[in-house]
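Visitor: My structure is stored as coords-v8.csv, with CSV, C-alpha atoms.
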```
chain,number,residue,atom,x,y,z
W,24,MET,CA,5.8,-17.2,6.2
W,25,ALA,CA,2.3,-17.2,7.1
W,26,SER,CA,1.3,-13.8,8.3
W,27,SER,CA,3.3,-11.7,5.8
W,28,ALA,CA,2.4,-13.9,2.9
W,29,LEU,CA,-1.3,-13.9,3.8
W,30,ALA,CA,-1.2,-10.1,4.2
W,31,ARG,CA,0.2,-9.8,0.7
W,32,ILE,CA,-2.3,-12.1,-0.8
W,33,SER,CA,-5.2,-10.3,0.9
W,34,ASN,CA,-3.9,-7.0,-0.3
W,35,LEU,CA,-3.4,-8.1,-3.9
W,36,GLN,CA,-6.8,-9.8,-4.2
W,37,ARG,CA,-8.5,-6.5,-3.3
W,38,HIS,CA,-6.8,-4.8,-6.3
W,39,PHE,CA,-6.3,-7.4,-8.9
W,40,ASP,CA,-9.5,-7.3,-11.0
W,41,PRO,CA,-10.7,-3.8,-12.0
W,42,THR,CA,-13.6,-5.1,-14.0
W,43,GLU,CA,-15.0,-6.6,-10.9
W,44,ALA,CA,-14.3,-3.4,-9.0
W,45,ASN,CA,-16.2,-1.4,-11.6
W,46,SER,CA,-19.3,-3.5,-11.5
W,47,ASN,CA,-21.3,-1.7,-8.8
W,48,LYS,CA,-25.0,-2.0,-8.0
W,49,GLY,CA,-25.7,1.6,-8.8
W,50,GLY,CA,-25.1,1.5,-12.5
W,51,SER,CA,-22.4,1.6,-15.1
W,52,ASP,CA,-21.3,5.2,-14.6
W,53,GLY,CA,-20.1,4.7,-11.0
W,54,PHE,CA,-17.3,3.0,-9.2
W,55,CYS,CA,-17.2,0.8,-6.1
W,56,GLY,CA,-14.5,-1.3,-4.5
W,57,ASP,CA,-10.9,-0.9,-5.5
W,58,LEU,CA,-9.9,0.1,-9.0
W,59,ILE,CA,-6.2,-0.8,-9.4
W,60,LYS,CA,-5.1,-3.3,-12.0
W,61,ILE,CA,-1.9,-5.2,-11.2
W,62,SER,CA,-0.1,-7.1,-14.0
W,63,PRO,CA,0.1,-10.8,-13.5
W,64,GLU,CA,3.9,-10.7,-13.4
W,65,VAL,CA,3.9,-8.0,-10.7
W,66,SER,CA,1.2,-9.7,-8.6
W,67,GLU,CA,3.0,-13.0,-8.7
W,68,ALA,CA,6.3,-11.5,-7.7
W,69,LEU,CA,4.6,-9.7,-4.8
W,70,LEU,CA,2.9,-12.9,-3.6
W,71,ARG,CA,6.2,-14.6,-3.5
W,72,GLY,CA,7.9,-11.8,-1.7
W,73,ASP,CA,10.3,-11.2,-4.6
W,74,ALA,CA,11.8,-7.9,-5.5
W,75,VAL,CA,9.6,-5.4,-7.4
W,76,VAL,CA,10.7,-1.9,-8.5
W,77,ALA,CA,8.0,0.7,-9.1
W,78,LEU,CA,8.6,3.2,-12.0
W,79,GLU,CA,6.9,6.4,-12.9
W,80,SER,CA,5.4,7.2,-16.3
W,81,THR,CA,5.7,11.0,-16.5
W,82,ILE,CA,9.2,10.6,-17.7
W,83,ILE,CA,7.8,8.6,-20.7
W,84,SER,CA,5.1,11.0,-21.7
W,85,HIS,CA,6.6,14.3,-20.6
W,86,GLY,CA,10.3,13.8,-20.1
W,87,MET,CA,11.6,12.8,-23.5
W,88,PRO,CA,10.5,12.9,-27.2
W,89,TYR,CA,9.3,9.9,-29.0
W,90,PRO,CA,10.8,7.4,-29.8
W,91,LEU,CA,13.6,8.1,-27.4
W,92,ASN,CA,11.1,7.9,-24.5
W,93,LEU,CA,10.0,4.4,-25.4
W,94,GLU,CA,13.6,3.2,-25.9
W,95,THR,CA,14.6,4.5,-22.5
W,96,ALA,CA,11.5,3.0,-20.8
W,97,LYS,CA,12.3,-0.4,-22.3
W,98,GLU,CA,16.0,-0.1,-21.3
W,99,VAL,CA,15.1,0.9,-17.8
W,100,GLU,CA,12.8,-2.1,-17.4
W,101,ALA,CA,15.4,-4.4,-18.9
W,102,ILE,CA,18.0,-3.1,-16.3
W,103,VAL,CA,15.5,-4.0,-13.5
W,104,ARG,CA,14.9,-7.5,-14.9
W,105,THR,CA,18.6,-8.2,-15.6
W,106,ASN,CA,19.4,-7.4,-12.0
W,107,GLY,CA,16.9,-9.7,-10.4
W,108,ALA,CA,13.6,-7.7,-9.9
W,109,VAL,CA,10.3,-7.2,-11.7
W,110,PRO,CA,9.6,-3.7,-13.1
W,111,ALA,CA,6.2,-2.1,-12.3
W,112,THR,CA,5.7,1.0,-14.4
W,113,ILE,CA,2.7,2.9,-13.1
W,114,ALA,CA,0.1,4.8,-15.1
W,115,ILE,CA,-3.6,5.4,-15.4
W,116,LEU,CA,-5.1,4.1,-18.7
W,117,ASP,CA,-8.7,4.8,-19.6
W,118,GLY,CA,-9.4,5.6,-16.0
W,119,ILE,CA,-7.9,2.5,-14.6
W,120,PRO,CA,-4.7,2.8,-12.4
W,121,CYS,CA,-2.3,0.2,-13.7
W,122,VAL,CA,0.7,-1.2,-11.9
W,123,GLY,CA,2.9,-3.0,-14.4
W,124,LEU,CA,2.5,-2.2,-18.1
W,125,SER,CA,2.7,-4.3,-21.2
W,126,MET,CA,5.0,-3.3,-24.1
W,127,GLU,CA,1.9,-2.2,-26.0
W,128,GLU,CA,0.8,0.0,-23.1
W,129,LEU,CA,4.3,1.5,-22.8
W,130,GLU,CA,4.3,2.3,-26.5
W,131,ARG,CA,0.8,3.9,-26.2
W,132,LEU,CA,2.0,6.2,-23.5
W,133,ALA,CA,5.2,7.1,-25.4
W,134,ILE,CA,3.2,7.9,-28.6
W,135,LEU,CA,0.6,10.0,-26.8
W,136,GLY,CA,3.3,12.0,-25.1
W,137,LYS,CA,2.1,15.2,-23.6
W,138,ARG,CA,-1.5,14.5,-24.6
W,139,VAL,CA,-1.5,12.2,-21.5
W,140,GLN,CA,-2.3,14.2,-18.3
W,141,LYS,CA,0.6,14.7,-16.0
W,142,THR,CA,-0.9,13.2,-12.8
W,143,ALA,CA,0.1,14.0,-9.2
W,144,ARG,CA,-1.7,12.8,-6.1
W,145,ARG,CA,-4.3,15.6,-6.4
W,146,ASP,CA,-5.2,14.6,-10.0
W,147,ILE,CA,-5.8,10.9,-9.4
W,148,ALA,CA,-9.5,11.0,-8.6
W,149,LEU,CA,-10.2,13.3,-11.6
W,150,VAL,CA,-8.4,11.2,-14.1
W,151,VAL,CA,-10.0,8.0,-12.8
W,152,ALA,CA,-13.5,9.6,-12.7
W,153,SER,CA,-13.2,11.0,-16.2
W,154,ARG,CA,-11.7,7.7,-17.5
W,155,GLY,CA,-8.8,9.6,-18.8
W,156,ASN,CA,-5.1,8.7,-19.3
W,157,GLY,CA,-2.6,9.8,-16.7
W,158,ALA,CA,1.2,9.7,-16.5
W,159,THR,CA,2.0,9.4,-12.8
W,160,THR,CA,4.5,11.7,-11.2
W,161,VAL,CA,6.5,10.8,-8.1
W,162,SER,CA,3.7,11.5,-5.7
W,163,ALA,CA,1.1,9.5,-7.6
W,164,SER,CA,3.5,6.7,-8.3
W,165,MET,CA,4.4,6.5,-4.6
W,166,PHE,CA,0.8,6.4,-3.6
W,167,PHE,CA,0.0,3.5,-5.9
W,168,ALA,CA,3.2,1.6,-5.0
W,169,SER,CA,2.3,1.9,-1.3
W,170,VAL,CA,-1.3,0.7,-1.9
W,171,VAL,CA,-0.2,-2.5,-3.6
W,172,GLY,CA,2.8,-3.1,-1.3
W,173,ILE,CA,5.8,-2.2,-3.5
W,174,PRO,CA,8.5,-0.7,-1.1
W,175,VAL,CA,11.0,0.6,-3.6
W,176,PHE,CA,10.4,3.3,-6.3
W,177,VAL,CA,12.9,4.6,-8.8
W,178,THR,CA,12.8,7.9,-10.6
W,179,GLY,CA,15.1,10.4,-12.2
W,180,GLY,CA,14.9,13.2,-9.7
W,181,ILE,CA,12.2,14.3,-7.3
W,182,GLY,CA,10.4,17.7,-7.3
W,183,GLY,CA,11.1,20.2,-4.6
W,184,VAL,CA,10.8,23.8,-3.5
W,185,HIS,CA,11.0,26.0,-6.6
W,186,ARG,CA,13.5,28.9,-6.7
W,187,HIS,CA,11.8,31.9,-5.2
W,188,GLY,CA,9.4,29.5,-3.5
W,189,GLU,CA,9.5,31.6,-0.4
W,190,HIS,CA,7.4,34.1,-2.4
W,191,THR,CA,5.4,31.8,-4.7
W,192,MET,CA,4.8,28.9,-2.3
W,193,ASP,CA,5.5,26.6,-5.3
W,194,ILE,CA,6.4,23.3,-3.5
W,195,SER,CA,6.2,19.9,-5.2
W,196,SER,CA,3.7,17.4,-3.8
W,197,ASP,CA,6.6,14.9,-4.0
W,198,LEU,CA,7.8,16.3,-0.7
W,199,THR,CA,4.6,16.0,1.2
W,200,GLU,CA,4.1,12.5,-0.3
W,201,LEU,CA,7.5,11.5,1.1
W,202,GLY,CA,6.3,12.8,4.4
W,203,ARG,CA,3.3,10.5,4.6
W,204,THR,CA,3.8,7.5,2.3
W,205,PRO,CA,6.2,4.7,3.4
W,206,VAL,CA,7.9,4.0,0.1
W,207,ALA,CA,11.7,4.3,-0.5
W,208,VAL,CA,12.5,6.6,-3.4
W,209,VAL,CA,15.7,6.3,-5.4
W,210,SER,CA,16.6,9.4,-7.3
W,211,ALA,CA,19.6,11.5,-8.4
W,212,GLY,CA,18.6,14.0,-5.8
W,213,VAL,CA,16.5,17.1,-6.6
W,214,LYS,CA,16.4,18.6,-10.1
W,215,SER,CA,19.0,21.4,-10.1
W,216,ILE,CA,16.4,23.8,-11.6
W,217,LEU,CA,15.0,23.9,-8.0
W,218,ASP,CA,16.1,25.4,-4.7
W,219,ILE,CA,18.0,22.4,-3.2
W,220,PRO,CA,18.8,23.9,0.3
W,221,ARG,CA,15.1,24.8,0.9
W,222,THR,CA,14.0,21.4,-0.4
W,223,LEU,CA,16.2,19.7,2.1
W,224,GLU,CA,14.9,21.9,4.9
W,225,TYR,CA,11.3,21.1,3.8
W,226,LEU,CA,12.1,17.3,3.8
W,227,GLU,CA,13.5,17.7,7.4
W,228,THR,CA,10.2,19.3,8.4
W,229,GLN,CA,8.3,16.4,6.9
W,230,GLY,CA,10.4,14.0,8.9
W,231,VAL,CA,11.9,12.3,5.8
W,232,CYS,CA,15.2,10.5,6.1
W,233,VAL,CA,17.5,11.7,3.3
W,234,ALA,CA,20.4,9.3,2.7
W,235,ALA,CA,23.2,9.9,0.1
W,236,TYR,CA,24.5,6.8,-1.6
W,237,LYS,CA,28.3,6.4,-1.3
W,238,THR,CA,28.8,10.1,-0.7
W,239,ASN,CA,28.4,12.7,2.1
W,240,GLU,CA,26.9,15.4,-0.2
W,241,PHE,CA,23.5,15.7,-1.7
W,242,PRO,CA,23.7,15.3,-5.6
W,243,ALA,CA,22.2,17.9,-7.9
W,244,PHE,CA,20.6,15.7,-10.6
W,245,PHE,CA,22.8,16.7,-13.6
W,246,THR,CA,25.9,17.0,-11.4
W,247,GLU,CA,27.3,14.9,-8.6
W,248,THR,CA,27.5,17.7,-6.0
W,249,SER,CA,25.3,20.5,-4.7
W,250,GLY,CA,27.3,21.9,-1.9
W,251,CYS,CA,24.6,20.6,0.6
W,252,LYS,CA,25.6,17.9,3.2
W,253,VAL,CA,23.3,15.1,4.1
W,254,PRO,CA,22.6,13.7,7.6
W,255,CYS,CA,22.8,10.1,6.5
W,256,ARG,CA,25.2,8.1,4.3
W,257,VAL,CA,24.7,4.6,3.0
W,258,ASP,CA,27.3,2.6,1.2
W,259,SER,CA,25.6,-0.5,0.0
W,260,PRO,CA,22.3,-1.9,-1.1
W,261,GLU,CA,22.3,-3.9,2.2
W,262,ASP,CA,22.6,-0.6,4.2
W,263,CYS,CA,19.7,0.8,2.3
W,264,ALA,CA,17.6,-2.4,2.9
W,265,ARG,CA,18.2,-2.3,6.6
W,266,LEU,CA,17.2,1.4,6.7
W,267,ILE,CA,14.0,0.7,4.8
W,268,ASP,CA,13.2,-2.3,7.1
W,269,ALA,CA,13.8,-0.3,10.2
W,270,ASN,CA,11.6,2.6,8.9
W,271,THR,CA,8.8,0.1,8.2
W,272,LYS,CA,9.1,-1.8,11.5
W,273,LEU,CA,9.0,1.4,13.5
W,274,LYS,CA,5.9,2.4,11.6
W,275,LEU,CA,7.2,5.9,10.9
W,276,ASN,CA,4.9,6.1,7.9
W,277,THR,CA,7.3,8.3,6.0
W,278,GLY,CA,9.3,7.6,2.9
W,279,VAL,CA,13.0,7.4,2.7
W,280,LEU,CA,14.9,9.3,0.0
W,281,PHE,CA,18.1,7.7,-1.4
W,282,ALA,CA,20.1,10.3,-3.3
W,283,VAL,CA,22.3,8.6,-5.9
W,284,PRO,CA,24.9,10.8,-7.7
W,285,ILE,CA,25.0,10.7,-11.5
W,286,PRO,CA,28.0,8.6,-12.7
W,287,LYS,CA,31.0,10.8,-13.0
W,288,GLU,CA,31.5,10.1,-16.7
W,289,HIS,CA,28.0,11.5,-17.4
W,290,SER,CA,28.1,14.4,-15.0
W,291,ALA,CA,27.4,17.7,-16.8
W,292,SER,CA,29.5,20.8,-16.2
W,293,GLY,CA,27.9,22.6,-13.2
W,294,SER,CA,28.6,26.1,-14.5
W,295,ILE,CA,27.2,25.3,-18.0
W,296,ILE,CA,24.0,23.8,-16.5
W,297,GLU,CA,23.6,26.7,-14.0
W,298,SER,CA,23.9,29.3,-16.7
W,299,ALA,CA,21.3,27.5,-18.8
W,300,ILE,CA,19.0,27.2,-15.8
W,301,GLN,CA,19.1,30.9,-15.1
W,302,LYS,CA,18.2,31.7,-18.7
W,303,ALA,CA,15.4,29.1,-18.6
W,304,LEU,CA,14.0,30.5,-15.4
W,305,LYS,CA,14.0,34.1,-16.8
W,306,GLU,CA,12.1,32.9,-19.9
W,307,ALA,CA,9.6,30.9,-17.7
W,308,ARG,CA,8.9,34.1,-15.7
W,309,ASP,CA,8.6,36.2,-18.8
W,310,LYS,CA,6.1,33.8,-20.3
W,311,ASN,CA,4.3,33.3,-17.0
W,312,ILE,CA,4.8,29.5,-17.1
W,313,THR,CA,4.0,28.2,-13.6
W,314,GLY,CA,2.7,25.1,-11.8
W,315,ASN,CA,3.2,21.6,-13.1
W,316,ALA,CA,4.0,23.1,-16.6
W,317,GLU,CA,7.1,24.8,-15.3
W,318,THR,CA,9.4,21.8,-14.7
W,319,PRO,CA,8.9,20.2,-18.1
W,320,PHE,CA,9.5,23.6,-19.7
W,321,LEU,CA,12.6,24.3,-17.8
W,322,LEU,CA,14.1,20.8,-18.5
W,323,SER,CA,13.3,21.2,-22.2
W,324,LYS,CA,14.8,24.7,-22.3
W,325,VAL,CA,18.0,23.6,-20.4
W,326,ASN,CA,18.4,20.7,-22.8
W,327,GLU,CA,18.1,23.1,-25.8
W,328,LEU,CA,20.6,25.6,-24.3
W,329,THR,CA,23.1,22.9,-23.5
W,330,GLY,CA,22.9,21.3,-26.9
W,331,GLY,CA,21.4,18.1,-25.7
W,332,ALA,CA,23.9,17.5,-22.9
W,333,SER,CA,21.3,17.7,-20.1
W,334,LEU,CA,19.1,15.2,-21.8
W,335,ALA,CA,21.9,12.7,-22.3
W,336,ALA,CA,22.8,13.2,-18.6
W,337,ASN,CA,19.1,12.7,-17.7
W,338,MET,CA,19.0,9.3,-19.5
W,339,ALA,CA,22.2,8.2,-17.9
W,340,LEU,CA,21.1,9.0,-14.4
W,341,VAL,CA,17.7,7.3,-14.8
W,342,LYS,CA,19.4,4.1,-15.9
W,343,ASN,CA,21.9,4.3,-13.0
W,344,ASN,CA,19.1,4.9,-10.5
W,345,ALA,CA,17.3,1.8,-11.9
W,346,LEU,CA,20.4,-0.3,-11.3
W,347,VAL,CA,21.0,0.9,-7.8
W,348,GLY,CA,17.3,0.8,-7.0
W,349,THR,CA,17.0,-2.8,-8.2
W,350,ARG,CA,19.9,-3.8,-6.1
W,351,ILE,CA,18.2,-2.2,-3.1
W,352,ALA,CA,14.9,-3.9,-3.8
W,353,VAL,CA,16.7,-7.3,-4.1
W,354,ALA,CA,18.6,-6.8,-0.9
W,355,LEU,CA,15.3,-5.8,0.9
W,356,ALA,CA,13.5,-8.9,-0.4
W,357,GLN,CA,16.3,-11.1,0.7
W,358,LEU,CA,16.4,-9.5,4.2
W,359,ARG,CA,12.7,-9.9,4.6
W,360,LYS,CA,12.7,-13.5,3.5
W,361,SER,CA,15.6,-14.3,5.9
W,362,CYS,CA,13.7,-12.6,8.8
W,363,ASN,CA,10.6,-14.7,7.9
W,364,LYS,CA,12.6,-17.9,8.0
W,365,VAL,CA,14.0,-17.0,11.4
W,366,GLY,CA,10.5,-16.1,12.7
W,367,ASN,CA,9.0,-19.4,11.4
W,368,ALA,CA,11.8,-21.4,12.9
W,369,GLU,CA,11.3,-19.8,16.3
W,370,SER,CA,7.6,-20.3,16.2
W,371,VAL,CA,8.0,-24.0,15.4
W,372,SER,CA,10.6,-24.5,18.2
```
Translate this structure into structure tokens?
Guide:
Amino acid sequence: MASSALARISNLQRHFDPTEANSNKGGSDGFCGDLIKISPEVSEALLRGDAVVALESTIISHGMPYPLNLETAKEVEAIVRTNGAVPATIAILDGIPCVGLSMEELERLAILGKRVQKTARRDIALVVASRGNGATTVSASMFFASVVGIPVFVTGGIGGVHRHGEHTMDISSDLTELGRTPVAVVSAGVKSILDIPRTLEYLETQGVCVAAYKTNEFPAFFTETSGCKVPCRVDSPEDCARLIDANTKLKLNTGVLFAVPIPKEHSASGSIIESAIQKALKEARDKNITGNAETPFLLSKVNELTGGASLAANMALVKNNALVGTRIAVALAQLRKSCNKVGNAESVS
């Protein structure tokens, strides 16, 4: 148990107390040391080697209206707890990156909504330095999860190559993060407002293992299928755990993307969604909406055009991803504990 437990303890001690990290010799306006605050519940679970599931906060502040966003965040955390893991929602509050939020902090994010800055990896330093509030996207959430040692992260859908990306070069930092950060991401694939075939090509270039859960086809967020085949299929949480463990032991230093289809009963009609997407894309171009403002606009517009069907599907797939992701995290924790026991027994003998 020794080496892995000591490594976790050492890692956590460096990140646990932000007030100590902020007390530098150069004055109150600077920073030194590490700045990440981990909730007691999350830190204790990590020290024990128990299952922890990282969750993003952009879906709370930018993905849904209040109070639906708060209700969904609470329900997702409850799913994680009920199935044997500790939820670790990630956000930046008053300049302090937080891993694991209290109910009060969740509510604060939900009420502030879009007044909280949408924070990808590139924005982290700015939000921290300005002591602002940041809702972490997939890339920022992966970064913080990796720093504190959380191997599994659950989201709704990852970003990707935008349609017409071959001309605009609009490619989500989620993809490059998957190429350099060893965290497993559980999502319902790529948002169907994006260019799915080019996104998969880009992930291949980044060396990212893309595995579909209980299917041979990559899901398209709102719908179960996209027409794109995947190179890897996994059929159980244990399969996923072994894949993550191999990726870690080989030190590939890349993420693994587990694409989980939306449950059939919640799958939206592909033709209706695609028609709404095309109309939303045209409006975005007409209004010159680009960059990190484009995805929230498109999702909101598609929801409006589908009479709320896409939002209902979004909520359902996030909860399903939380369930599957938690089972993967539990299987991984059990696998690593059993490996530690075998290793300890061998060292004693």
Visitor: Find, counting all atoms listed in the file, the residue in W:Lys324, W:Asp258, W:Leu223, W:Val184 that gets nearest to Ser298 in chain W.
Guide: W:Lys324
Visitor: Report as a ChimeraX atom specification all protein, DNA and RNA residues lying within 9 Å of Ala96 in chain W, evaluated on all atoms listed in the file, omitting residues in the same chain fewer than 6 positions from it.
Guide: /W:80,82-83,112,129,133
Visitor: Could you tell me, as a ChimeraX atom specification, which residues have any atom at most 8 Å from (0.1, -4.3, -16.1), counting all atoms listed in the file?
Guide: /W:60-65,111-112,121-125
Visitor: Under the rule that only C-alpha atoms are counted, which of W:Pro90, W:Arg308, W:Phe281, W:Thr142 is the nearest residue to Asn239 in chain W?
Guide: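 Among the listed residues, the smallest separation from Asn239 in chain W belongs to W:Phe281.
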Visitor: Find the residue from W:Asn337, W:Thr246, W:Thr204, W:Thr349 that sits nearest to Ser323 in chain W; use all atoms listed in the file when measuring.
Guide: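 Counting all atoms listed in the file, the residue closest to Ser323 in chain W is W:Asn337.
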Visitor: Using only C-alpha atoms, tabulate the residues of range 206-306 of chain W lying at most 8 Å from any atom of range 338-341 of chain W, each with its closest atom pair and that distance in Å to one decimal, by chain and increasing residue number, as a Markdown table.
Guide:
```
| residue | atom | partner | partner_atom | distance |
| --- | --- | --- | --- | --- |
| W:Ser210 | CA | W:Val341 | CA | 7.9 |
| W:Ala211 | CA | W:Leu340 | CA | 6.7 |
| W:Phe244 | CA | W:Leu340 | CA | 7.7 |
| W:Phe245 | CA | W:Leu340 | CA | 7.9 |
| W:Pro284 | CA | W:Leu340 | CA | 7.9 |
| W:Ile285 | CA | W:Leu340 | CA | 5.1 |
| W:Pro286 | CA | W:Leu340 | CA | 7.1 |
| W:His289 | CA | W:Ala339 | CA | 6.7 |
```
Visitor: So that each row is one residue of range 95-198 of chain W with an atom at most 10 Å from range 270-278 of chain W, can you give its shortest atom pair and the distance in Å to one decimal, using all atoms listed in the file, rows by chain and rising number, as JSON lines?
Guide:
```
{"residue": "W:Met165", "atom": "CA", "partner": "W:Gly278", "partner_atom": "CA", "distance": 9.0}
{"residue": "W:Ser169", "atom": "CA", "partner": "W:Gly278", "partner_atom": "CA", "distance": 10.0}
{"residue": "W:Pro174", "atom": "CA", "partner": "W:Gly278", "partner_atom": "CA", "distance": 9.2}
{"residue": "W:Val175", "atom": "CA", "partner": "W:Gly278", "partner_atom": "CA", "distance": 9.7}
{"residue": "W:Leu198", "atom": "CA", "partner": "W:Gly278", "partner_atom": "CA", "distance": 9.5}
```
Visitor: Within 7 Å of (5.5, 16.5, -4.6) (coordinates as in the file), grab all the protein and nucleic acid residues, counting only C-alpha atoms, and write them out as number ranges by chain.
Guide: W: 161-162, 182-183, 194-200
Visitor: Work out how far CA of Val76 in chain W is from CA of Pro110 in chain W, in Å to one decimal.
Guide: 5.1 Å
Visitor: Between W:Asp73, W:Glu128, W:Asp117, W:Glu67, which one has atoms that come closest to Val353 in chain W, using only C-alpha atoms?
Guide: W:Asp73
Visitor: Calculated over all atoms listed in the file, which of the candidates W:Ser66, W:Ser249, W:Ser215, W:Gln229 has the smallest distance to Leu322 in chain W?
Guide: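 Residue with the minimum atom-to-atom distance to Leu322 in chain W: W:Ser215.
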Visitor: Using only C-alpha atoms for the distances, tell me which of W:Ile300, W:Val208, W:Ala332, W:Leu116 is nearest to Gly179 in chain W.
Guide: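 Closest to Gly179 in chain W, using only C-alpha atoms: W:Val208.
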Visitor: How many Å separate CA of Arg203 in chain W from CA of Thr191 in chain W?
Guide: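 Computing the Euclidean distance for CA of Arg203 in chain W and CA of Thr191 in chain W yields 23.3 Å.
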Visitor: CA of Val325 in chain W and CA of Met87 in chain W, how far apart in Å?
Guide: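 Here the two named atoms are 12.9 Å from each other.
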Visitor: Leaving out Ala243 in chain W and any residue of its chain fewer than 6 positions from it, which residues lie within 10 Å of it when counting all atoms listed in the file, given as a PyMOL selection string?
Guide: chain W and resi 180+211-217+219+249-251+282-285+290+293
Visitor: Can you take the partial range 243-262 of chain W, add N, CA and C atoms, and return it as a PDB file, in the coordinates of the input?
Guide:
```
ATOM      1  N   ALA W 243      23.001  16.876  -7.260  1.00  0.00           N
ATOM      2  CA  ALA W 243      22.200  17.900  -7.900  1.00  0.00           C
ATOM      3  C   ALA W 243      21.678  17.478  -9.255  1.00  0.00           C
ATOM      4  N   PHE W 244      21.191  16.237  -9.366  1.00  0.00           N
ATOM      5  CA  PHE W 244      20.600  15.700 -10.600  1.00  0.00           C
ATOM      6  C   PHE W 244      21.616  15.651 -11.718  1.00  0.00           C
ATOM      7  N   PHE W 245      21.849  16.717 -12.456  1.00  0.00           N
ATOM      8  CA  PHE W 245      22.800  16.700 -13.600  1.00  0.00           C
ATOM      9  C   PHE W 245      24.236  16.584 -13.127  1.00  0.00           C
ATOM     10  N   THR W 246      24.504  16.985 -11.897  1.00  0.00           N
ATOM     11  CA  THR W 246      25.900  17.000 -11.400  1.00  0.00           C
ATOM     12  C   THR W 246      25.937  16.196 -10.072  1.00  0.00           C
ATOM     13  N   GLU W 247      27.166  15.773  -9.736  1.00  0.00           N
ATOM     14  CA  GLU W 247      27.300  14.900  -8.600  1.00  0.00           C
ATOM     15  C   GLU W 247      27.195  15.629  -7.241  1.00  0.00           C
ATOM     16  N   THR W 248      27.450  16.917  -7.227  1.00  0.00           N
ATOM     17  CA  THR W 248      27.500  17.700  -6.000  1.00  0.00           C
ATOM     18  C   THR W 248      26.557  18.877  -6.028  1.00  0.00           C
ATOM     19  N   SER W 249      26.114  19.297  -4.829  1.00  0.00           N
ATOM     20  CA  SER W 249      25.300  20.500  -4.700  1.00  0.00           C
ATOM     21  C   SER W 249      25.778  21.480  -3.722  1.00  0.00           C
ATOM     22  N   GLY W 250      26.783  21.052  -2.927  1.00  0.00           N
ATOM     23  CA  GLY W 250      27.300  21.900  -1.900  1.00  0.00           C
ATOM     24  C   GLY W 250      26.492  21.699  -0.562  1.00  0.00           C
ATOM     25  N   CYS W 251      25.473  20.820  -0.586  1.00  0.00           N
ATOM     26  CA  CYS W 251      24.600  20.600   0.600  1.00  0.00           C
ATOM     27  C   CYS W 251      25.009  19.204   1.201  1.00  0.00           C
ATOM     28  N   LYS W 252      25.325  19.199   2.473  1.00  0.00           N
ATOM     29  CA  LYS W 252      25.600  17.900   3.200  1.00  0.00           C
ATOM     30  C   LYS W 252      24.328  17.239   3.551  1.00  0.00           C
ATOM     31  N   VAL W 253      24.427  15.920   3.737  1.00  0.00           N
ATOM     32  CA  VAL W 253      23.300  15.100   4.100  1.00  0.00           C
ATOM     33  C   VAL W 253      23.503  14.540   5.531  1.00  0.00           C
ATOM     34  N   PRO W 254      22.429  14.292   6.292  1.00  0.00           N
ATOM     35  CA  PRO W 254      22.600  13.700   7.600  1.00  0.00           C
ATOM     36  C   PRO W 254      22.878  12.255   7.678  1.00  0.00           C
ATOM     37  N   CYS W 255      22.699  11.584   6.538  1.00  0.00           N
ATOM     38  CA  CYS W 255      22.800  10.100   6.500  1.00  0.00           C
ATOM     39  C   CYS W 255      23.522   9.665   5.260  1.00  0.00           C
ATOM     40  N   ARG W 256      24.451   8.730   5.425  1.00  0.00           N
ATOM     41  CA  ARG W 256      25.200   8.100   4.300  1.00  0.00           C
ATOM     42  C   ARG W 256      24.976   6.638   4.302  1.00  0.00           C
ATOM     43  N   VAL W 257      24.742   6.057   3.126  1.00  0.00           N
ATOM     44  CA  VAL W 257      24.700   4.600   3.000  1.00  0.00           C
ATOM     45  C   VAL W 257      25.647   4.177   1.912  1.00  0.00           C
ATOM     46  N   ASP W 258      26.276   3.012   2.097  1.00  0.00           N
ATOM     47  CA  ASP W 258      27.300   2.600   1.200  1.00  0.00           C
ATOM     48  C   ASP W 258      27.112   1.314   0.452  1.00  0.00           C
ATOM     49  N   SER W 259      25.929   0.724   0.646  1.00  0.00           N
ATOM     50  CA  SER W 259      25.600  -0.500   0.000  1.00  0.00           C
ATOM     51  C   SER W 259      24.136  -0.738  -0.122  1.00  0.00           C
ATOM     52  N   PRO W 260      23.686  -1.599  -1.042  1.00  0.00           N
ATOM     53  CA  PRO W 260      22.300  -1.900  -1.100  1.00  0.00           C
ATOM     54  C   PRO W 260      21.759  -2.522   0.232  1.00  0.00           C
ATOM     55  N   GLU W 261      22.646  -3.261   0.910  1.00  0.00           N
ATOM     56  CA  GLU W 261      22.300  -3.900   2.200  1.00  0.00           C
ATOM     57  C   GLU W 261      22.037  -2.806   3.261  1.00  0.00           C
ATOM     58  N   ASP W 262      22.866  -1.753   3.256  1.00  0.00           N
ATOM     59  CA  ASP W 262      22.600  -0.600   4.200  1.00  0.00           C
ATOM     60  C   ASP W 262      21.268  -0.022   3.932  1.00  0.00           C
TER      61      ASP W 262
END
```
